[in-house]
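Below is the file query_30.cif, which contains mmCIF, C-alpha atoms and all ligand atoms.
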data_coords
loop_
_atom_site.label_atom_id
_atom_site.label_comp_id
_atom_site.auth_asym_id
_atom_site.auth_seq_id
_atom_site.Cartn_x
_atom_site.Cartn_y
_atom_site.Cartn_z
CA MET A 66 22.19 -13.86 118.39
CA THR A 67 23.13 -16.57 120.88
CA ARG A 68 26.77 -17.62 120.50
CA LEU A 69 27.89 -21.24 120.86
CA SER A 70 31.07 -21.66 122.92
CA VAL A 71 32.28 -25.27 122.82
CA ASN A 72 33.74 -26.56 126.07
CA ILE A 73 36.61 -28.93 125.20
CA ASN A 74 37.25 -30.27 128.70
CA LYS A 75 36.23 -33.78 127.67
CA ILE A 76 38.74 -33.93 124.84
CA ALA A 77 41.36 -33.44 127.55
CA THR A 78 39.68 -36.11 129.71
CA LEU A 79 40.09 -38.67 126.92
CA ARG A 80 43.68 -37.54 126.22
CA ASN A 81 44.66 -37.75 129.90
CA SER A 82 43.23 -41.27 130.18
CA ARG A 83 46.28 -42.56 128.28
CA GLY A 84 48.81 -39.90 129.24
CA GLY A 85 49.81 -38.93 125.73
CA GLU A 86 48.69 -36.23 123.28
CA ILE A 87 45.84 -38.13 121.56
CA PRO A 88 43.23 -36.70 121.01
CA SER A 89 44.90 -33.32 120.66
CA VAL A 90 43.22 -30.55 122.65
CA LYS A 91 44.89 -27.98 120.40
CA ASP A 92 43.48 -29.62 117.26
CA ALA A 93 40.06 -29.68 118.93
CA ALA A 94 40.24 -25.95 119.61
CA VAL A 95 41.23 -25.22 116.00
CA ASN A 96 38.65 -27.54 114.46
CA CYS A 97 35.72 -26.55 116.68
CA GLN A 98 36.23 -22.96 115.51
CA LYS A 99 36.72 -24.09 111.91
CA PHE A 100 33.41 -25.98 112.12
CA GLY A 101 31.53 -22.91 113.36
CA ALA A 102 31.95 -22.64 117.12
CA GLN A 103 31.84 -18.96 118.12
CA GLY A 104 33.98 -19.53 121.20
CA ILE A 105 36.09 -22.05 123.05
CA THR A 106 35.45 -22.69 126.74
CA ILE A 107 37.76 -24.52 129.13
CA HIS A 108 37.53 -25.18 132.84
CA PRO A 109 41.03 -25.83 134.21
CA ARG A 110 40.48 -27.46 137.61
CA PRO A 111 43.20 -27.54 140.31
CA ASP A 112 43.58 -31.34 139.99
CA GLU A 113 44.06 -31.02 136.20
CA ARG A 114 41.70 -33.97 135.68
CA HIS A 115 41.22 -32.68 132.15
CA ILE A 116 42.43 -29.21 131.02
CA THR A 117 45.94 -28.53 132.34
CA ARG A 118 47.65 -25.20 132.92
CA LYS A 119 49.86 -26.06 129.93
CA ASP A 120 46.72 -26.47 127.79
CA VAL A 121 45.52 -23.00 128.73
CA TYR A 122 48.70 -21.33 127.44
CA GLU A 123 48.85 -23.55 124.33
CA ILE A 124 45.22 -22.96 123.34
CA LYS A 125 45.30 -19.18 123.66
CA PRO A 126 47.28 -18.49 120.40
CA LEU A 127 44.83 -20.74 118.52
CA ILE A 128 41.76 -18.72 119.46
CA THR A 129 40.25 -16.83 116.51
CA THR A 130 36.81 -16.44 118.14
CA GLU A 131 36.46 -15.96 121.94
CA PHE A 132 38.27 -17.61 124.83
CA ASN A 133 36.14 -18.28 127.90
CA ILE A 134 37.97 -19.67 130.92
CA GLU A 135 35.87 -21.01 133.78
CA GLY A 136 36.96 -21.72 137.30
CA TYR A 137 37.14 -20.81 140.96
CA PRO A 138 38.77 -17.35 141.16
CA GLY A 139 41.77 -18.21 143.34
CA GLU A 140 45.08 -16.37 142.90
CA ASP A 141 46.51 -18.90 140.41
CA PHE A 142 43.34 -18.74 138.28
CA LEU A 143 43.28 -14.93 138.27
CA LYS A 144 46.98 -14.70 137.33
CA MET A 145 46.55 -17.27 134.55
CA VAL A 146 43.50 -15.67 132.91
CA ALA A 147 45.24 -12.28 133.03
CA GLU A 148 48.45 -13.70 131.52
CA VAL A 149 46.62 -15.32 128.59
CA LYS A 150 44.24 -12.38 128.28
CA ALA A 151 41.06 -14.47 128.20
CA ASP A 152 38.12 -12.73 126.55
CA GLN A 153 35.85 -13.83 129.39
CA ALA A 154 36.32 -15.36 132.83
CA THR A 155 33.36 -17.32 134.20
CA LEU A 156 33.60 -17.56 137.98
CA VAL A 157 32.38 -20.87 139.41
CA PRO A 158 32.12 -21.67 143.17
CA ASP A 159 33.58 -25.16 142.83
CA THR A 160 35.56 -26.90 145.54
CA HIS A 161 38.50 -29.15 144.59
CA ASN A 162 36.73 -32.47 144.96
CA GLN A 163 33.50 -31.88 143.04
CA LEU A 164 32.67 -34.33 140.24
CA THR A 165 31.46 -31.34 138.23
CA SER A 166 29.97 -27.89 138.77
CA ASP A 167 26.68 -28.38 140.57
CA HIS A 168 25.61 -24.99 141.97
CA GLY A 169 25.85 -21.28 141.49
CA TRP A 170 27.34 -18.63 143.78
CA ASP A 171 25.81 -17.41 147.01
CA THR A 172 26.49 -13.92 145.71
CA TRP A 173 25.40 -12.01 148.83
CA ASN A 174 27.58 -14.00 151.23
CA ASN A 175 30.53 -13.67 148.83
CA LEU A 176 29.85 -10.08 147.80
CA SER A 177 33.08 -8.40 148.87
CA PHE A 178 35.22 -11.26 147.48
CA LEU A 179 33.39 -11.25 144.14
CA LYS A 180 33.47 -7.44 143.89
CA GLU A 181 37.27 -7.48 144.35
CA VAL A 182 37.83 -10.30 141.87
CA ILE A 183 35.55 -8.79 139.24
CA ALA A 184 37.16 -5.37 139.50
CA ARG A 185 40.59 -7.00 139.07
CA LEU A 186 39.50 -8.96 135.99
CA GLN A 187 37.81 -5.95 134.42
CA GLU A 188 40.94 -3.84 135.03
CA ASN A 189 42.72 -6.47 132.91
CA GLY A 190 40.17 -6.02 130.15
CA ILE A 191 38.48 -9.37 130.80
CA ARG A 192 34.70 -9.63 130.59
CA THR A 193 33.27 -11.31 133.69
CA SER A 194 30.44 -13.79 134.14
CA ILE A 195 29.23 -15.26 137.44
CA PHE A 196 27.80 -18.78 137.56
CA VAL A 197 24.43 -18.58 139.32
CA ASP A 198 21.30 -20.60 139.93
CA PRO A 199 18.10 -19.17 138.38
CA ASP A 200 17.38 -17.39 141.65
CA PRO A 201 16.41 -13.68 141.54
CA GLU A 202 18.10 -13.04 144.91
CA ALA A 203 21.40 -14.52 143.68
CA ILE A 204 21.06 -12.51 140.46
CA GLU A 205 20.41 -9.32 142.40
CA GLY A 206 23.60 -10.03 144.34
CA ALA A 207 25.45 -10.66 141.09
CA ALA A 208 24.40 -7.25 139.80
CA GLU A 209 25.77 -5.75 143.02
CA THR A 210 29.20 -7.25 142.31
CA GLY A 211 29.56 -5.21 139.10
CA THR A 212 29.87 -8.30 136.89
CA ASP A 213 29.26 -7.92 133.17
CA ARG A 214 27.22 -11.10 132.87
CA ILE A 215 25.79 -14.05 134.71
CA GLU A 216 25.81 -17.65 133.54
CA LEU A 217 22.63 -19.52 134.44
CA TYR A 218 23.38 -23.03 135.74
CA THR A 219 21.08 -25.10 133.52
CA GLU A 220 21.40 -28.61 134.97
CA PRO A 221 17.98 -28.36 136.70
CA TYR A 222 16.43 -27.42 133.33
CA ALA A 223 18.08 -30.36 131.57
CA ARG A 224 17.08 -32.79 134.32
CA LEU A 225 13.42 -31.67 134.39
CA TYR A 226 13.07 -31.18 130.62
CA PRO A 227 12.00 -34.78 129.85
CA LEU A 228 9.43 -34.62 132.66
CA GLY A 229 7.80 -31.40 131.48
CA ARG A 230 9.60 -28.75 129.48
CA ASP A 231 7.23 -25.88 130.31
CA LYS A 232 7.85 -26.37 134.03
CA ALA A 233 11.58 -26.85 133.44
CA ILE A 234 12.02 -23.60 131.52
CA ALA A 235 9.79 -21.37 133.69
CA PRO A 236 12.35 -20.37 136.37
CA PHE A 237 14.93 -19.64 133.68
CA ILE A 238 12.59 -17.33 131.76
CA GLU A 239 11.95 -15.41 134.99
CA ALA A 240 15.65 -15.36 135.88
CA ALA A 241 16.62 -14.02 132.45
CA LYS A 242 13.99 -11.26 132.69
CA PHE A 243 15.23 -10.34 136.18
CA ALA A 244 18.84 -10.25 134.97
CA LYS A 245 17.94 -8.03 132.00
CA ASN A 246 16.14 -5.61 134.29
CA ALA A 247 19.25 -5.60 136.50
CA GLY A 248 21.37 -4.60 133.49
CA LEU A 249 23.10 -7.98 133.17
CA LYS A 250 23.70 -9.98 130.00
CA VAL A 251 22.90 -13.68 130.35
CA ASN A 252 24.98 -16.72 129.42
CA ALA A 253 23.82 -20.28 130.10
CA GLY A 254 25.44 -23.67 130.49
CA HIS A 255 25.67 -27.16 131.98
CA ASP A 256 24.01 -30.28 130.56
CA LEU A 257 22.61 -28.45 127.55
CA SER A 258 22.16 -30.87 124.65
CA LEU A 259 20.57 -31.50 121.25
CA GLU A 260 17.47 -32.61 123.19
CA ASN A 261 16.90 -29.41 125.18
CA LEU A 262 18.86 -26.55 123.59
CA ASN A 263 16.38 -25.32 120.97
CA TYR A 264 13.52 -25.05 123.48
CA MET A 265 15.69 -22.94 125.73
CA TYR A 266 16.72 -20.74 122.81
CA LYS A 267 13.12 -20.27 121.58
CA ASN A 268 11.96 -19.29 125.07
CA ILE A 269 14.98 -17.11 125.95
CA PRO A 270 16.36 -15.78 122.63
CA THR A 271 18.21 -13.03 124.52
CA ILE A 272 20.81 -15.47 125.89
CA ALA A 273 24.17 -14.04 124.80
CA GLU A 274 26.17 -17.30 124.91
CA VAL A 275 25.70 -20.97 125.66
CA SER A 276 28.76 -22.99 126.67
CA ILE A 277 28.33 -26.66 125.91
CA GLY A 278 30.76 -29.52 126.32
CA HIS A 279 29.80 -32.86 127.79
CA ALA A 280 26.80 -33.72 125.58
CA LEU A 281 28.33 -32.12 122.47
CA ILE A 282 31.57 -34.08 122.69
CA ALA A 283 29.57 -37.25 123.40
CA ASP A 284 27.39 -36.61 120.33
CA SER A 285 30.50 -36.09 118.21
CA LEU A 286 31.63 -39.66 118.92
CA TYR A 287 28.73 -40.83 116.71
CA LEU A 288 28.08 -37.85 114.42
CA GLY A 289 31.56 -36.39 114.04
CA LEU A 290 32.61 -32.99 115.38
CA GLU A 291 31.71 -30.93 112.30
CA THR A 292 28.19 -32.35 111.94
CA THR A 293 27.64 -32.09 115.70
CA ILE A 294 28.63 -28.43 115.89
CA GLN A 295 26.40 -27.64 112.93
CA LYS A 296 23.48 -29.40 114.67
CA TYR A 297 24.06 -27.39 117.85
CA LEU A 298 24.24 -24.16 115.84
CA ASP A 299 20.98 -25.12 114.11
CA CYS A 300 19.37 -25.31 117.57
CA LEU A 301 20.21 -21.61 118.00
CA LYS A 302 18.12 -20.50 115.04
CA LYS A 303 14.36 -19.81 115.13
C1 LIG B 401 30.73 -24.43 134.93
C2 LIG B 401 30.21 -25.54 134.14
O1 LIG B 401 29.05 -25.87 134.18
C3 LIG B 401 31.13 -26.33 133.31
O2 LIG B 401 32.42 -25.81 133.26
C4 LIG B 401 31.22 -27.69 133.89
O3 LIG B 401 31.59 -27.54 135.20
C5 LIG B 401 32.17 -28.52 133.14
O4 LIG B 401 33.11 -29.02 134.05
P1 LIG B 401 33.53 -30.56 133.87
O5 LIG B 401 33.81 -30.75 132.38
O6 LIG B 401 34.71 -30.70 134.75
O7 LIG B 401 32.32 -31.35 134.30
N1 LIG B 402 29.50 -23.58 131.50
C1 LIG B 402 29.03 -24.84 131.02
C2 LIG B 402 30.07 -25.51 130.23
O1 LIG B 402 31.10 -24.92 129.92
C3 LIG B 402 29.87 -26.89 129.75
O2 LIG B 402 29.02 -27.63 130.59
P1 LIG B 402 28.63 -29.09 130.03
O3 LIG B 402 27.99 -28.89 128.68
O4 LIG B 402 29.91 -29.86 129.92
O5 LIG B 402 27.67 -29.64 131.05
#

Would you mind writing the file's structure down as C-alpha cells?
Ligand SMILES: CC(=O)[C@@H](O)[C@H](O)COP(=O)(O)O
Ligand SMILES: NCC(=O)COP(=O)(O)O
Amino acid sequence: MTRLSVNINKIATLRNSRGGEIPSVKDAAVNCQKFGAQGITIHPRPDERHITRKDVYEIKPLITTEFNIEGYPGEDFLKMVAEVKADQATLVPDTHNQLTSDHGWDTWNNLSFLKEVIARLQENGIRTSIFVDPDPEAIEGAAETGTDRIELYTEPYARLYPLGRDKAIAPFIEAAKFAKNAGLKVNAGHDLSLENLNYMYKNIPTIAEVSIGHALIADSLYLGLETTIQKYLDCLKK
C-alpha cells in the first residue's frame, strides 16, 4: 500500500503572506488527517518562508498518523526532529536560497556526513529517507549510508509526463528496482499531481509513501481539501 503524506508547506505560505494565523496550519494538519491523509509532511526551511520552527512544535501533538519532516540535516534541524520525535526525517541537499528542492544528494561525495547524520537519527528512533535523483549510482551510495529509505525526486517525471509518460516513468521504474535490490524502501515526491500520480502508482506499486503538497493544496482551492485528498487517495488504488 502506498501511503499519502500531505505536505502542508503551502498553507503556511498563504498564512505568512498576511502575517496572522489564517489559514491555520494546525487546522490543516488535523483536517488533512481527518480527510484520509496517512501522514503529514513539512519542510521547515532556515528562512521560515512557510513552515516555522514554532509550527513544527505545534503540529507534533496533532499528529495521529505519521510526521515526516524534510530538510537539510544541519545541527538545528537534527536537534528539532529529535526533540519532536518525528516518525521520519527526509534529508534534502537544499541550500538556503533555493526556490524549492530541485535535486537529490550526491551520496558518494557526502557519504561520511550522511552516514553520521543517519546513525544519529536512527539512534533517536527516527526512520530516515534520503532525497535522491533516479540515478542507480546515487542510490547505491544511499544504501551505503545505512538509510532506511530513499525518496525519489519526481520533478523530472512530472515535467516529462505530458510529453510522453512511458519515457517519463522509465528511469523511475529502474531506480525503484535498483533500490529494492539494495534493500531500500522507496518514497517519492515533488510535483506529483492528479495528472501524473496514478500512472506512477500503477507502474511502481511498491512505493511506500508519496509526499505531495504544492499541486494538492492548489487543487483544494477549487475542489476543497476533503474532496482533493480523496481524489489523491483514489489515485493510489489499482
Ligand atoms: C523535498 C521536496 O521535494 C519538498 O519538500 C519540496 O521541496 C517542497 O518545498 P517547498 O514547499 O518549499 O517548495
Ligand atoms: N517531498 C515532496 C513533498 O513533500 C512535496 O513536494 P510538492 O508536492 O510540494 O512538489

Exercise for the section: Give the residue list for ligand LIG 401 (chain B) at 7 Å, counting only C-alpha atoms and all ligand atoms, as a ChimeraX atom specification, sorted by chain and then by residue number. Expected result: /A:74-75,107-108,135,157,164-166,196,218,254-255,278-279

Restrict the selected residues to C-alpha atoms and save them as a PDB file, in the coordinates of the input.
ATOM      1  CA  ASN A  74      37.250 -30.270 128.700  1.00  0.00           C
ATOM      2  CA  LYS A  75      36.230 -33.780 127.670  1.00  0.00           C
ATOM      3  CA  ILE A 107      37.760 -24.520 129.130  1.00  0.00           C
ATOM      4  CA  HIS A 108      37.530 -25.180 132.840  1.00  0.00           C
ATOM      5  CA  GLU A 135      35.870 -21.010 133.780  1.00  0.00           C
ATOM      6  CA  VAL A 157      32.380 -20.870 139.410  1.00  0.00           C
ATOM      7  CA  LEU A 164      32.670 -34.330 140.240  1.00  0.00           C
ATOM      8  CA  THR A 165      31.460 -31.340 138.230  1.00  0.00           C
ATOM      9  CA  SER A 166      29.970 -27.890 138.770  1.00  0.00           C
ATOM     10  CA  PHE A 196      27.800 -18.780 137.560  1.00  0.00           C
ATOM     11  CA  TYR A 218      23.380 -23.030 135.740  1.00  0.00           C
ATOM     12  CA  GLY A 254      25.440 -23.670 130.490  1.00  0.00           C
ATOM     13  CA  HIS A 255      25.670 -27.160 131.980  1.00  0.00           C
ATOM     14  CA  GLY A 278      30.760 -29.520 126.320  1.00  0.00           C
ATOM     15  CA  HIS A 279      29.800 -32.860 127.790  1.00  0.00           C
TER      16      HIS A 279
END

Handout entry: Shell around A:Gln153 at 9 Å using all atoms listed in the file, local window under 5 positions removed, as a VMD selection string
Key = chain A and resid 131 to 135 146 186 190 to 194

Practice task
Would you please work out which residue, of A:Ile183, A:Ile76, A:Ile238, A:Ile87, is nearest to ligand LIG 402 (chain B) when using all atoms listed in the file?
Solution key: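 Using all atoms listed in the file, ligand LIG 402 (chain B) sits closest to A:Ile76.
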
Exercise for the section: For atom C1 of ligand LIG 402 (chain B) and atom CA of A:Leu228, determine how far apart the two atoms are, in Å to one decimal place. Expected result: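 Those two atoms sit 22.0 Å apart.
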
Quick one: 8 Å padding each side, axis-aligned, all listed atoms of ligand LIG 402 (chain B) - centre and edge lengths in Å to one decimal, as JSON?
{"center_x": 29.4, "center_y": -26.7, "center_z": 130.1, "size_x": 19.4, "size_y": 22.3, "size_z": 18.8}

For stretch 113-198 of chain A versus stretch 88-102 of chain A, which residues have an atom no more than 8 Å away, and what is each residue's nearest atom pair and distance in Å rounded to one decimal, using all atoms listed in the file, chain-then-number order, as a tab-separated table?
residue	atom	partner	partner_atom	distance
A:Asp120	CA	A:Val90	CA	7.4
A:Glu123	CA	A:Lys91	CA	7.1
A:Ile124	CA	A:Lys91	CA	5.8
A:Leu127	CA	A:Val95	CA	6.3
A:Ile128	CA	A:Val95	CA	7.4
A:Thr129	CA	A:Gln98	CA	7.4
A:Thr130	CA	A:Gln98	CA	7.1

Write a file of the selected residues as a short mmCIF file (atom, residue, chain, number, x, y, z; two decimals), in the coordinates of the input, keeping C-alpha atoms.
data_model
loop_
_atom_site.label_atom_id
_atom_site.label_comp_id
_atom_site.auth_asym_id
_atom_site.auth_seq_id
_atom_site.Cartn_x
_atom_site.Cartn_y
_atom_site.Cartn_z
CA ASP A 120 46.72 -26.47 127.79
CA GLU A 123 48.85 -23.55 124.33
CA ILE A 124 45.22 -22.96 123.34
CA LEU A 127 44.83 -20.74 118.52
CA ILE A 128 41.76 -18.72 119.46
CA THR A 129 40.25 -16.83 116.51
CA THR A 130 36.81 -16.44 118.14
#

Handout entry: Spatial neighbours of A:Arg110, 8 Å, all atoms listed in the file, chain gap at least 6 places, as JSON, numbers by chain
Key = {"A": [116, 117, 136, 161]}

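With only C-alpha atoms as the atoms that count, the minimum distance from A:Met66 to the choices A:Asn252, A:Lys296, A:Val197, A:Asp284 is reached by A:Asn252.
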
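Among the candidate residues A:Asn263, A:Thr172, A:Thr219, A:Ser82, the one lying nearest to A:Lys303 is A:Asn263, with distances computed using all atoms listed in the file.
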
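Closest approach to ligand LIG 402 (chain B) from the set A:Ala77, A:Ala154, A:Leu281, A:Ile234 is made by A:Leu281, with distances taken over only C-alpha atoms and all ligand atoms.
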
Practice task
Rank A:Val149, A:Ile282, A:Ile272, A:Leu143 by their smallest atom-to-atom distance to ligand LIG 402 (chain B), using all atoms listed in the file, and report the top residue only.
Solution key: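 Looking at the shortest contact to ligand LIG 402 (chain B), the residue is A:Ile282.
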
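Candidate residues A:Pro111, A:Gly84, A:Pro126, A:Gly169 were compared for distance to ligand LIG 402 (chain B), and the nearest is A:Gly169, using only C-alpha atoms and all ligand atoms.
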
Practice task
May I have the residues at most 12 Å from (25.0, -29.8, 115.6) in the file's coordinates, counting only C-alpha atoms, as a ChimeraX atom specification?
Solution key: /A:69,71,97,100-102,258-260,262-263,277,280-285,287-302

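Taking atom CA of A:Asp200 as the reference point, atom CA of A:Ala240 is found at 6.4 Å.
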